[in-house]
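With mmCIF, C-alpha atoms inside, this is data_39.cif:
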```
data_input
#
loop_
_atom_site.label_atom_id
_atom_site.label_comp_id
_atom_site.auth_asym_id
_atom_site.auth_seq_id
_atom_site.Cartn_x
_atom_site.Cartn_y
_atom_site.Cartn_z
CA MET V 248 -64.85 111.39 10.99
CA ALA V 249 -67.76 110.52 13.20
CA SER V 250 -71.17 112.04 12.86
CA ALA V 251 -72.10 114.66 15.45
CA ALA V 252 -75.65 113.21 15.59
CA GLY V 253 -76.06 109.47 15.63
CA LEU V 254 -77.64 106.25 16.85
CA SER V 255 -76.42 103.24 18.82
CA LEU V 256 -78.56 100.20 19.49
CA CYS V 257 -78.21 96.83 21.19
CA GLY V 258 -81.21 94.64 21.85
CA GLN V 259 -83.96 97.08 22.78
CA ALA V 260 -81.66 99.74 24.23
CA LEU V 261 -81.43 102.76 21.90
CA VAL V 262 -79.13 105.75 22.29
CA VAL V 263 -79.57 109.00 20.33
CA ARG V 264 -76.64 111.39 20.55
CA GLY V 265 -76.29 114.99 19.47
CA GLY V 266 -73.75 117.65 20.38
CA CYS V 267 -72.40 116.95 23.85
CA ARG V 268 -75.44 115.01 25.10
CA PHE V 269 -77.11 111.66 24.57
CA LEU V 270 -80.50 110.20 25.38
CA ALA V 271 -81.00 106.49 26.17
CA ALA V 272 -84.42 104.83 25.94
CA SER V 273 -86.01 101.45 25.31
CA THR V 274 -87.78 100.44 22.10
CA ALA V 275 -89.95 97.92 23.96
CA SER V 276 -93.68 98.55 23.57
CA SER V 277 -94.20 97.80 27.27
CA ASP V 278 -91.59 100.33 28.39
CA ASP V 279 -92.67 102.84 31.03
CA GLY V 280 -91.09 105.69 29.08
CA SER V 281 -88.10 106.20 31.39
CA ILE V 282 -85.21 108.14 29.83
CA PHE V 283 -81.55 108.37 30.81
CA MET V 284 -79.74 111.53 29.72
CA TYR V 285 -76.08 112.46 30.01
CA ASP V 286 -74.21 115.68 29.27
CA CYS V 287 -70.47 115.39 28.55
CA SER V 288 -69.90 118.96 29.69
CA THR V 289 -70.52 117.71 33.24
CA ALA V 290 -67.91 114.94 33.00
CA GLU V 291 -65.10 115.22 35.51
CA GLU V 292 -61.71 114.41 34.06
CA LYS V 293 -60.33 116.71 31.39
CA ALA V 294 -57.50 115.81 29.07
CA GLN V 295 -54.21 117.52 29.75
CA GLU V 296 -54.15 120.80 27.89
CA SER V 297 -51.33 121.47 25.46
CA LYS V 298 -49.68 124.88 25.48
CA GLY V 299 -48.53 127.10 22.68
CA GLU V 300 -45.26 129.01 22.34
CA ASP V 301 -46.63 131.80 24.50
CA GLY V 302 -47.42 129.35 27.30
CA GLN V 303 -51.19 129.76 26.90
CA PRO V 304 -53.44 126.68 26.67
CA VAL V 305 -54.51 125.73 23.16
CA ASP V 306 -56.62 123.04 21.52
CA ARG V 307 -59.53 123.16 23.94
CA GLY V 308 -62.30 120.67 23.25
CA SER V 309 -65.98 121.38 22.79
CA ASP V 310 -67.29 118.27 24.65
CA MET V 311 -69.06 117.19 21.43
CA ILE V 312 -69.53 113.40 21.21
CA LEU V 313 -67.44 111.99 18.35
CA ALA V 314 -68.24 108.27 18.50
CA SER V 315 -70.20 105.81 20.64
CA THR V 316 -70.98 102.09 20.79
CA PHE V 317 -72.52 99.31 22.86
CA SER V 318 -70.74 96.15 23.96
CA THR V 319 -71.83 92.85 22.42
CA SER V 320 -74.30 92.00 25.21
CA GLY V 321 -75.43 95.60 25.68
CA SER V 322 -74.20 95.64 29.29
CA TYR V 323 -71.75 98.46 28.60
CA PHE V 324 -71.76 101.65 26.55
CA ALA V 325 -68.78 103.86 25.72
CA LEU V 326 -68.25 107.19 23.99
CA THR V 327 -65.43 109.56 23.14
CA ASP V 328 -65.73 113.34 22.93
CA ASP V 329 -63.94 116.34 21.52
CA SER V 330 -62.28 116.99 24.89
CA LYS V 331 -60.19 113.82 24.44
CA ARG V 332 -62.08 111.68 26.93
CA LEU V 333 -63.31 108.10 26.98
CA ILE V 334 -66.46 107.73 29.10
CA LEU V 335 -67.63 104.25 30.11
CA PHE V 336 -71.16 103.37 31.29
CA ARG V 337 -72.95 100.38 32.73
CA THR V 338 -76.42 100.10 31.16
CA LYS V 339 -78.34 97.82 33.57
CA PRO V 340 -79.09 100.20 35.23
CA TRP V 341 -77.44 103.18 33.56
CA GLN V 342 -74.43 104.40 35.50
CA CYS V 343 -71.24 106.24 34.56
CA LEU V 344 -68.28 104.04 35.58
CA SER V 345 -65.29 106.15 34.56
CA VAL V 346 -64.01 109.16 32.66
CA ARG V 347 -60.51 108.64 31.25
CA ALA V 348 -58.27 110.86 29.15
CA VAL V 349 -57.07 109.73 25.72
CA VAL V 350 -53.96 110.95 23.93
CA ARG V 351 -55.59 112.21 20.71
CA ARG V 352 -59.09 112.95 19.51
CA CYS V 353 -60.73 109.69 18.54
CA THR V 354 -62.44 108.72 15.32
CA ALA V 355 -63.91 105.32 16.23
CA LEU V 356 -64.15 102.80 19.05
CA THR V 357 -65.35 99.25 19.64
CA PHE V 358 -65.58 96.68 22.41
CA THR V 359 -63.84 93.34 22.15
CA ALA V 360 -66.22 90.37 21.91
CA SER V 361 -65.26 89.30 25.43
CA GLU V 362 -66.16 92.81 26.69
CA GLU V 363 -62.87 93.00 28.56
CA GLN V 364 -61.49 95.96 26.59
CA VAL V 365 -62.48 99.03 24.61
CA LEU V 366 -60.36 99.70 21.53
CA VAL V 367 -60.06 103.36 20.55
CA ALA V 368 -58.72 104.60 17.19
CA ASP V 369 -57.44 108.16 16.90
CA LYS V 370 -56.47 110.76 14.33
CA SER V 371 -52.74 110.11 14.65
CA GLY V 372 -53.18 106.51 13.45
CA ASP V 373 -52.90 104.69 16.80
CA VAL V 374 -55.16 102.19 18.54
CA TYR V 375 -55.26 102.15 22.35
CA SER V 376 -56.94 99.56 24.56
CA PHE V 377 -58.71 100.45 27.81
CA SER V 378 -59.78 97.89 30.40
CA VAL V 379 -63.50 97.47 31.16
CA ARG V 380 -62.97 95.47 34.32
CA GLU V 381 -60.61 98.13 35.67
CA PRO V 382 -62.56 101.28 34.75
CA GLU V 383 -59.85 103.64 35.99
CA GLY V 384 -56.94 101.86 34.29
CA PRO V 385 -54.80 103.79 31.77
CA GLY V 386 -54.80 103.09 28.06
CA ARG V 387 -52.21 100.89 26.37
CA LEU V 388 -50.89 101.42 22.85
CA GLU V 389 -51.70 98.37 20.72
CA LEU V 390 -50.82 99.29 17.13
CA GLY V 391 -50.24 102.22 14.82
CA HIS V 392 -50.64 103.35 11.21
CA LEU V 393 -48.75 106.06 9.36
CA SER V 394 -51.99 107.88 8.55
CA MET V 395 -55.26 108.81 10.24
CA LEU V 396 -57.48 105.92 11.31
CA LEU V 397 -61.16 106.18 10.41
CA ASP V 398 -62.56 102.92 11.82
CA VAL V 399 -61.68 99.90 13.94
CA ALA V 400 -63.35 96.50 14.35
CA VAL V 401 -62.59 93.12 15.91
CA SER V 402 -63.33 89.59 14.73
CA PRO V 403 -66.07 87.73 16.65
CA ASP V 404 -63.46 85.44 18.23
CA ASP V 405 -61.23 88.39 19.28
CA ARG V 406 -58.30 86.97 17.30
CA PHE V 407 -57.96 89.86 14.87
CA VAL V 408 -58.09 93.65 15.01
CA LEU V 409 -59.15 95.31 11.76
CA THR V 410 -58.28 98.94 11.07
CA ALA V 411 -59.12 101.31 8.21
CA ASP V 412 -57.08 104.41 7.39
CA ARG V 413 -57.04 107.48 5.19
CA ASP V 414 -54.47 105.96 2.83
CA GLU V 415 -56.89 103.44 1.27
CA LYS V 416 -55.76 100.48 3.41
CA ILE V 417 -57.54 97.93 5.57
CA ARG V 418 -55.14 96.11 7.86
CA VAL V 419 -55.83 92.79 9.59
CA SER V 420 -53.59 92.37 12.65
CA TRP V 421 -53.33 89.61 15.25
CA ALA V 422 -54.85 90.84 18.52
CA ALA V 423 -52.32 88.92 20.64
CA ALA V 424 -49.39 90.40 18.67
CA PRO V 425 -50.61 93.51 16.80
CA HIS V 426 -47.21 94.01 15.13
CA SER V 427 -47.91 90.76 13.25
CA ILE V 428 -50.05 91.53 10.21
CA GLU V 429 -52.22 88.74 8.83
CA ALA V 430 -53.32 90.52 5.64
CA PHE V 431 -54.12 93.78 3.89
CA CYS V 432 -57.39 94.33 2.02
CA LEU V 433 -56.33 96.55 -0.88
CA GLY V 434 -58.41 97.92 -3.72
CA HIS V 435 -60.02 101.15 -2.59
CA THR V 436 -58.71 104.28 -4.32
CA GLU V 437 -59.74 106.76 -1.62
CA PHE V 438 -59.87 106.79 2.18
CA VAL V 439 -61.70 103.84 3.80
CA SER V 440 -64.54 105.39 5.78
CA ARG V 441 -66.18 102.32 7.38
CA ILE V 442 -65.48 98.63 7.97
CA PHE V 443 -68.00 96.10 9.30
CA VAL V 444 -67.57 92.41 10.18
CA VAL V 445 -70.83 90.73 9.14
CA PRO V 446 -72.69 89.13 12.09
CA GLY V 447 -73.28 85.43 11.49
CA HIS V 448 -70.56 85.37 8.85
CA PRO V 449 -67.35 85.92 10.85
CA GLU V 450 -65.11 85.51 7.81
CA LEU V 451 -66.72 88.34 5.82
CA LEU V 452 -65.99 92.07 5.96
CA LEU V 453 -67.84 94.98 4.37
CA SER V 454 -66.04 98.24 3.64
CA SER V 455 -66.89 101.62 2.17
CA SER V 456 -64.69 104.38 0.84
CA GLY V 457 -64.49 107.85 -0.60
CA ASP V 458 -64.22 106.19 -4.02
CA GLY V 459 -67.98 105.54 -3.80
CA THR V 460 -67.80 101.75 -3.61
CA LEU V 461 -69.09 99.12 -1.17
CA ARG V 462 -66.84 96.06 -1.12
CA LEU V 463 -67.12 92.55 0.31
CA TRP V 464 -63.93 90.85 1.53
CA GLU V 465 -62.67 87.58 2.90
CA TYR V 466 -60.47 89.54 5.26
CA ARG V 467 -58.08 86.85 6.52
CA SER V 468 -56.74 86.34 2.99
CA GLY V 469 -57.29 89.94 1.88
CA ARG V 470 -59.32 88.69 -1.09
CA GLN V 471 -62.00 90.94 -2.56
CA LEU V 472 -65.21 89.04 -3.28
CA HIS V 473 -67.55 91.71 -4.65
CA CYS V 474 -67.61 95.44 -5.43
CA CYS V 475 -70.66 97.71 -5.83
CA ASP V 476 -70.37 101.18 -7.38
CA LEU V 477 -72.86 103.32 -5.45
CA ALA V 478 -72.75 106.12 -8.03
CA GLY V 479 -74.16 103.76 -10.63
CA LEU V 480 -77.15 102.96 -8.38
CA GLN V 481 -78.38 106.54 -8.11
CA GLY V 482 -81.36 107.84 -10.04
CA PRO V 483 -80.94 109.38 -13.51
CA ALA V 484 -81.42 112.92 -12.18
CA GLU V 485 -78.66 112.56 -9.58
CA PRO V 486 -75.01 113.38 -10.42
CA LYS V 487 -72.79 110.38 -11.13
CA ASP V 488 -70.00 111.49 -8.83
CA HIS V 489 -68.31 109.32 -6.22
CA LYS V 490 -67.64 112.26 -3.92
CA GLY V 491 -70.14 112.37 -1.10
CA LEU V 492 -70.81 108.62 -1.38
CA ALA V 493 -68.46 107.58 1.41
CA ALA V 494 -70.59 105.60 3.86
CA SER V 495 -70.98 107.01 7.34
CA ARG V 496 -72.82 103.87 8.48
CA ILE V 497 -73.01 100.20 7.45
CA THR V 498 -75.56 98.10 9.35
CA PHE V 499 -76.86 94.54 8.94
CA TRP V 500 -80.20 92.81 9.60
CA GLY V 501 -79.63 89.10 10.08
CA GLN V 502 -83.33 88.24 9.83
CA GLU V 503 -83.41 89.22 6.14
CA SER V 504 -79.63 89.16 5.39
CA CYS V 505 -80.05 92.82 4.53
CA VAL V 506 -77.24 95.39 4.40
CA ALA V 507 -78.08 99.09 4.71
CA VAL V 508 -75.61 101.81 3.74
CA LEU V 509 -75.94 105.50 4.60
CA CYS V 510 -73.72 107.85 2.62
CA ASP V 511 -72.11 111.01 3.92
CA CYS V 512 -73.71 113.74 1.82
CA VAL V 513 -76.64 112.01 0.10
CA PRO V 514 -80.11 111.90 1.77
CA ALA V 515 -80.58 108.28 0.75
CA VAL V 516 -80.09 104.77 2.12
CA PHE V 517 -78.94 101.93 -0.15
CA LEU V 518 -80.29 98.45 0.67
CA PHE V 519 -78.57 95.23 -0.43
CA GLN V 520 -79.23 91.52 -0.03
CA LEU V 521 -76.17 89.59 1.12
CA ASP V 522 -75.86 86.25 -0.66
CA ALA V 523 -73.28 84.62 1.61
CA ASP V 524 -73.15 81.38 -0.39
CA ARG V 525 -72.35 83.11 -3.68
CA ARG V 526 -70.26 85.77 -1.92
CA GLN V 527 -71.99 88.77 -3.47
CA LEU V 528 -74.24 91.75 -2.75
CA LEU V 529 -77.53 92.19 -4.61
CA PHE V 530 -78.96 95.72 -4.81
CA GLN V 531 -82.57 95.89 -3.58
CA GLN V 532 -83.79 99.44 -3.12
CA GLN V 533 -82.80 103.05 -2.56
CA LEU V 534 -84.67 104.89 0.18
CA SER V 535 -84.80 108.63 -0.56
CA PHE V 536 -85.54 111.37 1.98
CA PRO V 537 -86.48 115.05 1.58
CA GLN V 538 -84.13 116.05 4.43
CA ARG V 539 -80.74 115.05 5.77
CA VAL V 540 -80.40 111.61 7.36
CA TRP V 541 -78.03 111.59 10.32
CA ASP V 542 -77.83 107.89 11.08
CA ILE V 543 -79.45 104.46 10.66
CA VAL V 544 -79.42 101.22 12.63
CA PHE V 545 -81.24 97.88 12.42
CA GLU V 546 -83.23 96.43 15.31
CA ASP V 547 -83.56 92.64 15.06
CA THR V 548 -87.27 92.45 15.88
CA ARG V 549 -88.51 95.61 14.19
CA GLY V 550 -86.57 96.89 11.18
CA LEU V 551 -84.55 99.96 10.25
CA TRP V 552 -84.49 103.01 12.52
CA VAL V 553 -83.73 106.26 10.69
CA LEU V 554 -82.63 109.43 12.51
CA GLN V 555 -83.41 112.42 10.29
CA ASP V 556 -83.37 116.21 10.37
CA CYS V 557 -87.12 116.56 10.89
CA ARG V 558 -88.42 117.94 14.15
CA GLU V 559 -91.90 116.47 13.80
CA ALA V 560 -90.62 112.93 13.10
CA ALA V 561 -86.96 112.73 14.00
CA LEU V 562 -86.96 108.94 14.44
CA VAL V 563 -88.80 106.79 11.89
CA LEU V 564 -89.07 103.01 11.62
CA TRP V 565 -88.88 101.38 8.16
CA ARG V 566 -89.94 97.81 7.39
CA PRO V 567 -90.37 95.69 4.25
CA VAL V 568 -94.02 95.53 3.15
CA ASP V 569 -94.81 93.26 0.18
CA GLY V 570 -91.16 93.26 -0.80
CA ARG V 571 -90.69 97.04 -0.65
CA TRP V 572 -89.36 99.03 2.30
CA GLN V 573 -91.81 101.59 3.67
CA PRO V 574 -91.99 103.88 6.73
CA ILE V 575 -94.26 102.72 9.55
CA CYS V 576 -95.64 106.12 10.50
CA GLU V 577 -98.20 104.79 12.96
CA SER V 578 -95.63 102.99 15.11
CA ALA V 579 -96.37 103.83 18.75
CA VAL V 580 -92.73 103.30 19.69
CA SER V 581 -91.37 105.71 17.07
CA GLN V 582 -93.99 108.30 18.02
CA ARG V 583 -93.02 108.03 21.69
CA LEU V 584 -89.29 108.34 20.96
CA SER V 585 -89.83 111.21 18.49
CA SER V 586 -91.83 113.01 21.15
CA HIS V 587 -88.86 112.83 23.53
CA LEU V 588 -86.52 114.17 20.82
CA ARG V 589 -88.95 116.94 19.91
CA GLY V 590 -88.88 118.12 23.51
CA ASP V 591 -85.07 118.23 23.45
CA TRP V 592 -84.57 119.25 19.82
CA ALA V 593 -81.71 121.60 20.72
CA MET V 594 -79.56 118.51 21.32
CA LEU V 595 -79.78 117.51 17.65
CA GLU V 596 -80.13 120.99 16.17
CA GLY V 597 -76.85 122.13 17.72
CA SER V 598 -74.96 119.31 16.05
CA VAL V 599 -75.80 120.34 12.48
CA SER V 600 -73.23 123.12 12.14
CA ALA V 601 -70.48 121.04 13.74
CA GLU V 602 -70.67 118.23 11.20
CA ASP V 603 -68.28 118.27 8.25
CA GLY V 604 -68.27 114.57 7.37
CA PHE V 605 -65.51 113.29 5.12
CA ARG V 606 -65.17 116.31 2.80
CA SER V 607 -61.69 117.21 4.01
CA LEU V 608 -60.32 113.68 3.47
CA TYR V 609 -60.50 113.52 -0.33
CA LYS V 610 -57.24 113.70 -2.22
CA ALA V 611 -56.38 117.12 -3.56
CA THR V 612 -55.59 116.88 -7.27
CA PHE V 613 -53.53 119.41 -9.19
CA ASP V 614 -53.22 119.60 -13.00
CA ASN V 615 -49.56 120.59 -13.18
CA MET V 616 -48.93 119.01 -16.59
CA SER V 617 -50.90 121.48 -18.71
CA SER V 618 -49.22 124.53 -17.15
CA TYR V 619 -45.82 122.82 -17.46
CA LEU V 620 -46.33 122.10 -21.18
CA LYS V 621 -47.47 125.67 -21.80
CA ARG V 622 -44.36 127.13 -20.14
CA LYS V 623 -42.16 124.68 -22.05
CA GLU V 624 -43.66 125.76 -25.36
CA GLU V 625 -43.05 129.41 -24.49
CA ARG V 626 -39.38 128.70 -23.70
CA LEU V 627 -38.89 126.87 -27.02
CA GLN V 628 -40.42 129.76 -28.92
CA GLN V 629 -38.09 132.22 -27.20
CA ARG V 630 -35.04 130.12 -28.14
CA LEU V 631 -36.14 129.93 -31.77
CA GLU V 632 -36.59 133.70 -31.86
CA LYS V 633 -33.05 134.22 -30.62
CA LYS V 634 -31.50 131.86 -33.20
CA ARG V 635 -33.44 133.24 -36.17
CA PRO V 636 -31.39 135.89 -38.22
CA ARG V 637 -32.81 139.35 -38.21
CA SER V 638 -33.76 140.80 -41.65
CA PRO V 639 -33.60 144.59 -42.36
CA PRO V 640 -36.87 146.46 -42.48
CA PRO V 641 -38.44 147.04 -45.95
CA GLY V 642 -37.17 150.10 -47.98
CA HIS V 643 -33.98 150.33 -45.99
CA SER V 644 -30.77 149.72 -48.02
CA LYS V 645 -27.48 148.76 -46.50
CA ARG V 646 -24.98 151.64 -46.29
CA THR V 647 -21.52 151.07 -47.83
CA ARG V 648 -18.33 152.70 -46.75
CA PRO V 649 -16.71 154.80 -49.53
CA GLY V 650 -13.47 153.31 -50.98
CA PRO V 651 -10.21 155.18 -51.81
CA ALA V 652 -11.28 155.79 -55.45
CA ALA V 653 -14.38 157.57 -54.34
CA LEU V 654 -12.34 159.99 -52.21
CA THR V 655 -10.04 161.26 -55.09
CA CYS V 656 -11.13 163.80 -57.70
#
```
Please re-express this file's structure in structure tokens.
Amino acid sequence: MASAAGLSLCGQALVVRGGCRFLAASTASSDDGSIFMYDCSTAEEKAQESKGEDGQPVDRGSDMILASTFSTSGSYFALTDDSKRLILFRTKPWQCLSVRAVVRRCTALTFTASEEQVLVADKSGDVYSFSVREPEGPGRLELGHLSMLLDVAVSPDDRFVLTADRDEKIRVSWAAAPHSIEAFCLGHTEFVSRIFVVPGHPELLLSSSGDGTLRLWEYRSGRQLHCCDLAGLQGPAEPKDHKGLAASRITFWGQESCVAVLCDCVPAVFLFQLDADRRQLLFQQQLSFPQRVWDIVFEDTRGLWVLQDCREAALVLWRPVDGRWQPICESAVSQRLSSHLRGDWAMLEGSVSAEDGFRSLYKATFDNMSSYLKRKEERLQQRLEKKRPRSPPPGHSKRTRPGPAALTC
């Protein structure tokens, strides 16, 4: 379940999305301040409308952006919206290349490392591929799960497609033959919300789940290397509950080998150090915020960008200072970008009510045993009452029928 407001970044190209619109700008200090904006409500092709029993169209989309991503080089950008469309852009310069219909509403998408295809995961559990070189080409079904897909990723060499679903599974499939499964990464006890192949460490995978854990995998073998319980990292005043700790974003900063995790319903960011040699994650710091955080992303040369529900400073840059992460409030770049967002605050403000996160994906639990045992005890008591002989009430003697002798005088 993608966030309605979010960030995408590649190099110095930054995209902020909210509702049905997105804004693209550069984080370069020498940038002239040019902005590219796009509104999905103006896109051309609409998905074929389904009809109800009365023949009237149903299931109309709202044009809200559900997911977006850059290609590896940043030359392309793609998004999917609530109207079941995949929209492809060229970024140098910005230009819309195509608007194509998808079969189901999408939950995640990614480019292959070769930038030849866009892989789109949808709510029905399928992954479709769309050509980048042929922008008008139709989608092709690649693989399917029996439950809703929540994320999709590819290995850096394009050999494997990794998918995460609602039924706690991470599947590793061969890209050339998706029906051939290399491994499963099993261990989560709730839906898998995010998966992330670690840049610079192509054999490692990070995953998060509704069970409130962040796990490190060697995904080709399906072996779990490390597990962090996010609930145990919260402050003493915060509730120790795994619900709401499903990560909506996992991002990595190669310069410091730092992993940042943003959870669904907690206004905090968890920072870890990845020790690739020892195959473990070391907790560093928790960044707390007074308002909701929509998204985070690392920029290689600067630090951590945070998109938050604050009109005066919607976009804030965080960097490590003397070993502790702190906001750089005087950053000219963040002030310039926040000024653009402040002038178009309706784009972000309109996305707040539409966002429901992962709340509906948790397993529903029912305590049937206690009610069953209570009813069973009542039935046993009723049977005992029926078998027990009835005694006459006190003071009441049994009447006897008079014999023949009693009738003669």
Within 12 Å of Asp547 in chain V, counting all atoms listed in the file, which residues show up once you throw out same-chain ones fewer than 5 positions away? Write them as a PyMOL selection string, please.
-> chain V and resi 256-260+274+446+498-505+552+566
Check the smallest atom-to-atom distance from each of V:Ser371, V:Ser585, V:Ser617, V:Ser345 to Ala272 in chain V using only C-alpha atoms, then report the winner.
->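 Among the listed residues, V:Ser585 lies closest to Ala272 in chain V.
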Skipping near chain neighbours, those fewer than 2 positions away, what residues fall within 6 Å of range 326-331 of chain V using all atoms listed in the file, listed as a VMD selection string?
-> chain V and resid 294 308 to 315 333 to 334 348 to 349 352
Restricting the calculation to all atoms listed in the file, which member of V:Leu451, V:Ala515, V:Val444, V:Val399 is positioned closest to Leu477 in chain V?
->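 Nearest to Leu477 in chain V: V:Ala515.
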Carefully work through the PyMOL selection byres ((chain V and resi 424-438) around 8) for this structure and note down the residues it includes, as an NGL selection string.
-> :V and (389-390 or 408 or 412-423 or 439-440 or 456-458 or 460 or 464 or 466-471 or 608-610)
What would the file look like if the residues just selected were written as a short mmCIF file (atom, residue, chain, number, x, y, z; two decimals), in the frame of the given file with C-alpha atoms?
```cif
data_model
loop_
_atom_site.label_atom_id
_atom_site.label_comp_id
_atom_site.auth_asym_id
_atom_site.auth_seq_id
_atom_site.Cartn_x
_atom_site.Cartn_y
_atom_site.Cartn_z
CA GLU V 389 -51.70 98.37 20.72
CA LEU V 390 -50.82 99.29 17.13
CA VAL V 408 -58.09 93.65 15.01
CA ASP V 412 -57.08 104.41 7.39
CA ARG V 413 -57.04 107.48 5.19
CA ASP V 414 -54.47 105.96 2.83
CA GLU V 415 -56.89 103.44 1.27
CA LYS V 416 -55.76 100.48 3.41
CA ILE V 417 -57.54 97.93 5.57
CA ARG V 418 -55.14 96.11 7.86
CA VAL V 419 -55.83 92.79 9.59
CA SER V 420 -53.59 92.37 12.65
CA TRP V 421 -53.33 89.61 15.25
CA ALA V 422 -54.85 90.84 18.52
CA ALA V 423 -52.32 88.92 20.64
CA VAL V 439 -61.70 103.84 3.80
CA SER V 440 -64.54 105.39 5.78
CA SER V 456 -64.69 104.38 0.84
CA GLY V 457 -64.49 107.85 -0.60
CA ASP V 458 -64.22 106.19 -4.02
CA THR V 460 -67.80 101.75 -3.61
CA TRP V 464 -63.93 90.85 1.53
CA TYR V 466 -60.47 89.54 5.26
CA ARG V 467 -58.08 86.85 6.52
CA SER V 468 -56.74 86.34 2.99
CA GLY V 469 -57.29 89.94 1.88
CA ARG V 470 -59.32 88.69 -1.09
CA GLN V 471 -62.00 90.94 -2.56
CA LEU V 608 -60.32 113.68 3.47
CA TYR V 609 -60.50 113.52 -0.33
CA LYS V 610 -57.24 113.70 -2.22
#
```
Taking a cut-off of 12 Å and counting all atoms listed in the file, can you build a table that, for each residue of range 427-458 of chain V near range 523-535 of chain V, reports the nearest atom pair and how far apart they are in Å (one decimal), sorted by chain then residue number, as CSV?
```
residue,atom,partner,partner_atom,distance
V:Val445,CA,V:Ala523,CA,10.0
V:Pro446,CA,V:Ala523,CA,11.4
V:Gly447,CA,V:Ala523,CA,9.9
V:His448,CA,V:Ala523,CA,7.8
V:Pro449,CA,V:Ala523,CA,11.1
V:Glu450,CA,V:Ala523,CA,10.3
V:Leu451,CA,V:Ala523,CA,8.6
V:Leu452,CA,V:Arg526,CA,11.0
V:Leu453,CA,V:Leu528,CA,10.1
```
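In this structure, CA of Cys475 in chain V sits 5.1 Å away from CA of Leu461 in chain V.
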What is the distance between CA of Gln364 in chain V and CA of Phe377 in chain V, in Å to one decimal?
->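 Distance reported for this atom pair: 5.4 Å.
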Judged by only C-alpha atoms, the minimum distance to Gly384 in chain V among V:Leu472, V:Ala271, V:Phe519, V:Arg347 is found for V:Arg347
Target residues per the PyMOL selection byres ((chain V and resi 273) around 12), formatted as a ChimeraX atom specification | /V:255-263,270-272,274-283,338-339,546,580-581,583-584,587
Take CA of Phe407 in chain V and CA of Arg332 in chain V and report the distance between them in Å, one decimal.
-> 25.3 Å
Shell around Glu559 in chain V at 10 Å using only C-alpha atoms, local window under 4 positions removed, as a PyMOL selection string = chain V and resi 582+585-586+588-589+592
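The smallest atom-to-atom distance between Arg268 in chain V and any of V:Cys474, V:Ile543, V:Asp591, V:Glu624, using all atoms listed in the file, is found for V:Asp591.
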